[in-house]
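Below: the structure, in structure tokens.
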Amino acid sequence: MDLEGCANFRQRLSSSILCGKRVKMSHIRDEDENPGLQDYEASFLRLMDTLTDGTRLEINETGTTMKMKPGIIVGGRALKHDCGTSRAIGWFIEGIIPLAVFGKESLEIQFTGITNDNTDLSVDILKTVTLPLLRNFGIEGVTIDIKKRGFAPNGGGVVYFKCPSVRELHPIDITDMGLIKRVRGNALAARVSPTILTRVIESSRGVLNHYLPDVFINTDHHRGSEGGHSAGYTLSLVAESTTGVLLSVERTAEQGELPENIGKECAFLLLEEIKRGGVI
């Protein structure tokens, strides 16, 4: 497969390994001020190399062209990977799930880095939405265990990801959206005052309770070393329908933002997601 640019970088690599086809990517940001592969993409390539056996990578001096000859997915246990602070841990887990389920053996790996930011899917949404979706395919036993929080920019989070090996997938038919019956959420904070979470929840419920009464948002506050290297707080909301469809949104606060605004914005984002629907 001869491709240009770096769009869908993770999906291209995963597809290459799953179908056993070599892939070449050229003209990777060749006109940018910082051309070539970024540090988080190089980190993802190292992760691919860890999970597979026989994979060969070739990258030119500027990083604008790379070639990969795929190997065999082996999985492994007691593995570790440092995700750095450019992208969140969720970005890496999301990219390896299609590979992990087809490994020669089950996968157990520890990730360190950022657990929550405003760019990537958080490990919380992966845990509450993505893992239940995998069960529709017949994939049981996938777990995400969050040992330590790590907010942007300095991270410090620790997450354990476990995935068993499967031999076949069940076909899915998720076409009935149903009606939204309840909303569940999680407001979490690290190295900030717990009262901030109360303000976030009150403002969020002030919007959502006009839509339905069954709204429950849990609080999760981390102090000291449990909160990683940076202070921060975030709100994640999940709407569940009568047919089991899950719709999720999340909002992580950036410096200077008010808790009330975070709660309201996240609630309105969820209502917009419900309006659009979420089945295929």
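Starting from 1 in every chain, residues are counted up; chains themselves are A, B, ... following the order of the structure tokens, and ligands are numbered from 1 as listed.
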
*Skip Lys148 (chain A) itself and residues of its chain fewer than 2 positions away, then list as a list of chain:residue names all residues within 9 Å of it, counting only C-alpha atoms.*
A:Thr115, A:Ile146, A:Gly150, A:Gly156, A:Gly157, A:Val158, A:Val159, A:His222, A:Ser225, A:Glu226, A:Gly227, A:Gly228

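Residue nearest Ile72 (chain A), chosen from A:Leu271, A:Leu235, A:Ile17, A:Leu47 and counting only C-alpha atoms: A:Ile17.
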
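Taking only C-alpha atoms into account, Gly141 (chain A) lies nearest to A:Leu107 out of the set A:Thr175, A:Asp124, A:Leu107, A:Glu33.
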
Sorted per-residue table, region 161-257 of chain A near region 82-95 of chain A, closest atoms and distance, 12 Å, only C-alpha atoms, as a tab-separated table:
```
residue	atom	partner	partner_atom	distance
A:Phe161	CA	A:Ile93	CA	7.9
A:Lys162	CA	A:Ile93	CA	10.4
A:Cys163	CA	A:Ile93	CA	10.7
A:His229	CA	A:Thr85	CA	11.1
A:Ser230	CA	A:Thr85	CA	11.4
```

Can those selected residues be exported to a file as a PDB file, in the first residue's frame so that it contains N, CA and C atoms?
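So again.pdb came out as:
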```pdb
ATOM      1  N   PHE A 161      -3.628  -2.168  30.856  1.00  0.00           N
ATOM      2  CA  PHE A 161      -4.553  -2.627  29.817  1.00  0.00           C
ATOM      3  C   PHE A 161      -4.357  -4.122  29.613  1.00  0.00           C
ATOM      4  N   LYS A 162      -5.464  -4.868  29.703  1.00  0.00           N
ATOM      5  CA  LYS A 162      -5.419  -6.320  29.502  1.00  0.00           C
ATOM      6  C   LYS A 162      -6.418  -6.701  28.414  1.00  0.00           C
ATOM      7  N   CYS A 163      -5.992  -7.565  27.500  1.00  0.00           N
ATOM      8  CA  CYS A 163      -6.860  -7.992  26.409  1.00  0.00           C
ATOM      9  C   CYS A 163      -6.578  -9.452  26.073  1.00  0.00           C
ATOM     10  N   HIS A 229       1.344  14.516  37.867  1.00  0.00           N
ATOM     11  CA  HIS A 229       2.268  15.649  37.936  1.00  0.00           C
ATOM     12  C   HIS A 229       1.613  17.000  37.673  1.00  0.00           C
ATOM     13  N   SER A 230       0.349  17.023  37.240  1.00  0.00           N
ATOM     14  CA  SER A 230      -0.311  18.290  36.908  1.00  0.00           C
ATOM     15  C   SER A 230      -1.696  18.349  37.529  1.00  0.00           C
TER      16      SER A 230
END
```

*Could you pull out the residues in region 42-262 of chain A that DSSP calls strand (DSSP E or B) from the backbone, as a ChimeraX atom specification?*
/A:52-53,56-59,66-69,72-73,76-82,107-113,116,143-148,151,157-163,180-190,215-222,232-241,246-252

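Picture a line from CA of Asn118 (chain A) to CA of Glu250 (chain A); it runs 8.3 Å.
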
Find the nearest atom pair between each residue of region 96-134 of chain A and region 18-21 of chain A for residues within 9 Å, count only C-alpha atoms, give distances in Å to one decimal, sort rows by chain and ascending number, and present the table as JSON lines.
```
{"residue": "A:Pro98", "atom": "CA", "partner": "A:Leu18", "partner_atom": "CA", "distance": 8.4}
{"residue": "A:Leu99", "atom": "CA", "partner": "A:Leu18", "partner_atom": "CA", "distance": 7.1}
{"residue": "A:Phe102", "atom": "CA", "partner": "A:Leu18", "partner_atom": "CA", "distance": 8.5}
```

Output file for the selection above: C-alpha atoms, as an mmCIF file, in the first residue's frame:
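What landed in out_23.cif:
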```cif
data_model
loop_
_atom_site.group_PDB
_atom_site.id
_atom_site.type_symbol
_atom_site.label_atom_id
_atom_site.label_comp_id
_atom_site.auth_asym_id
_atom_site.auth_seq_id
_atom_site.Cartn_x
_atom_site.Cartn_y
_atom_site.Cartn_z
ATOM 1 C CA PRO A 98 -7.749 -3.975 16.705
ATOM 2 C CA LEU A 99 -4.383 -5.756 17.018
ATOM 3 C CA PHE A 102 -5.780 -11.151 17.440
#
```

*Leaving out Arg276 (chain A) and any residue of its chain fewer than 6 positions from it, which residues lie within 12 Å of it when counting only C-alpha atoms, given as JSON, numbers by chain?*
{"A": [177, 247, 269, 270]}

Selection from above, N, CA and C atoms, as a compact mmCIF listing (two decimals), in the first residue's frame, can you write it?
```
# COMPACT_ATOMS: atom_id res chain seq x y z
N MET A 177 -31.71 2.97 17.52
CA MET A 177 -31.20 3.94 18.47
C MET A 177 -31.94 3.85 19.81
N LEU A 247 -23.79 6.76 24.22
CA LEU A 247 -23.27 7.98 23.59
C LEU A 247 -22.48 8.75 24.64
N LEU A 269 -22.96 19.46 24.81
CA LEU A 269 -22.32 18.55 23.86
C LEU A 269 -23.01 17.19 23.84
N LEU A 270 -23.43 16.71 25.02
CA LEU A 270 -24.12 15.43 25.09
C LEU A 270 -25.48 15.51 24.40
```

*asked:* Neighbouring residues of region 27-29 of chain A were defined as those with any atom within 6 Å, considering only C-alpha atoms; residues of the same chain fewer than 2 positions away were excluded. Please report them as JSON, numbers by chain.
replied: {"A": [4, 5, 6, 31, 32, 35, 36, 64]}

Convert the current residue selection to file output with N, CA and C atoms, as a PDB file, in the first residue's frame.
```
ATOM      1  N   GLU A   4       0.117   8.602   0.887  1.00  0.00           N
ATOM      2  CA  GLU A   4       0.744   9.901   1.110  1.00  0.00           C
ATOM      3  C   GLU A   4       0.186  10.535   2.377  1.00  0.00           C
ATOM      4  N   GLY A   5       1.024  11.328   3.036  1.00  0.00           N
ATOM      5  CA  GLY A   5       0.608  11.995   4.260  1.00  0.00           C
ATOM      6  C   GLY A   5       0.554  11.046   5.440  1.00  0.00           C
ATOM      7  N   CYS A   6       0.010  11.547   6.559  1.00  0.00           N
ATOM      8  CA  CYS A   6      -0.040  10.739   7.781  1.00  0.00           C
ATOM      9  C   CYS A   6      -1.439  10.684   8.368  1.00  0.00           C
ATOM     10  N   GLU A  31       5.886  19.842   4.003  1.00  0.00           N
ATOM     11  CA  GLU A  31       5.843  21.286   3.817  1.00  0.00           C
ATOM     12  C   GLU A  31       5.629  22.031   5.139  1.00  0.00           C
ATOM     13  N   ASP A  32       5.609  21.320   6.247  1.00  0.00           N
ATOM     14  CA  ASP A  32       5.413  21.953   7.552  1.00  0.00           C
ATOM     15  C   ASP A  32       6.727  22.511   8.090  1.00  0.00           C
ATOM     16  N   PRO A  35       8.785  19.137   9.827  1.00  0.00           N
ATOM     17  CA  PRO A  35       8.406  18.052   8.916  1.00  0.00           C
ATOM     18  C   PRO A  35       8.652  16.668   9.512  1.00  0.00           C
ATOM     19  N   GLY A  36       8.024  15.672   8.879  1.00  0.00           N
ATOM     20  CA  GLY A  36       8.268  14.277   9.252  1.00  0.00           C
ATOM     21  C   GLY A  36       7.398  13.785  10.389  1.00  0.00           C
ATOM     22  N   THR A  64      10.135  12.030   6.661  1.00  0.00           N
ATOM     23  CA  THR A  64       8.995  12.303   5.786  1.00  0.00           C
ATOM     24  C   THR A  64       8.548  11.074   5.001  1.00  0.00           C
TER      25      THR A  64
END
```

*Tell me, as a ChimeraX atom specification, which residues lie within 8 Å of Ala267 (chain A), counting only C-alpha atoms; anything in the same chain fewer than 6 positions away does not count.*
/A:204-205,207-208,237

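Closest approach to Glu265 (chain A) among A:Ser14, A:Ser203, A:Thr65, A:Asn116 is made by A:Ser203 (distances from only C-alpha atoms).
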
_Filtered DSSP result for region 22-221 of chain A, state alpha helix (DSSP H), as a PyMOL selection string_ = chain A and resi 39-51+89-100+123-125+131-136+195-208

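In terms of minimum interatomic distance to Arg10 (chain A), A:Met48 ranks closest within A:Met48, A:Ile201, A:Val166, A:Leu133, counting only C-alpha atoms.
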
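For the choices A:Val183, A:Ala239, A:Ile96, A:Ala231, the atom-to-atom distance to Asn209 (chain A) is smallest for A:Val183 when using only C-alpha atoms.
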
*Shell of 10 Å around Glu168 (chain A), only C-alpha atoms, local chain residues under 5 positions omitted, as a PyMOL selection string*: chain A and resi 101-102+137-139

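Distances from A:Gly263, A:Gly256, A:Thr130, A:Val142 to Ala187 (chain A) were compared using only C-alpha atoms, and the smallest one belongs to A:Gly263.
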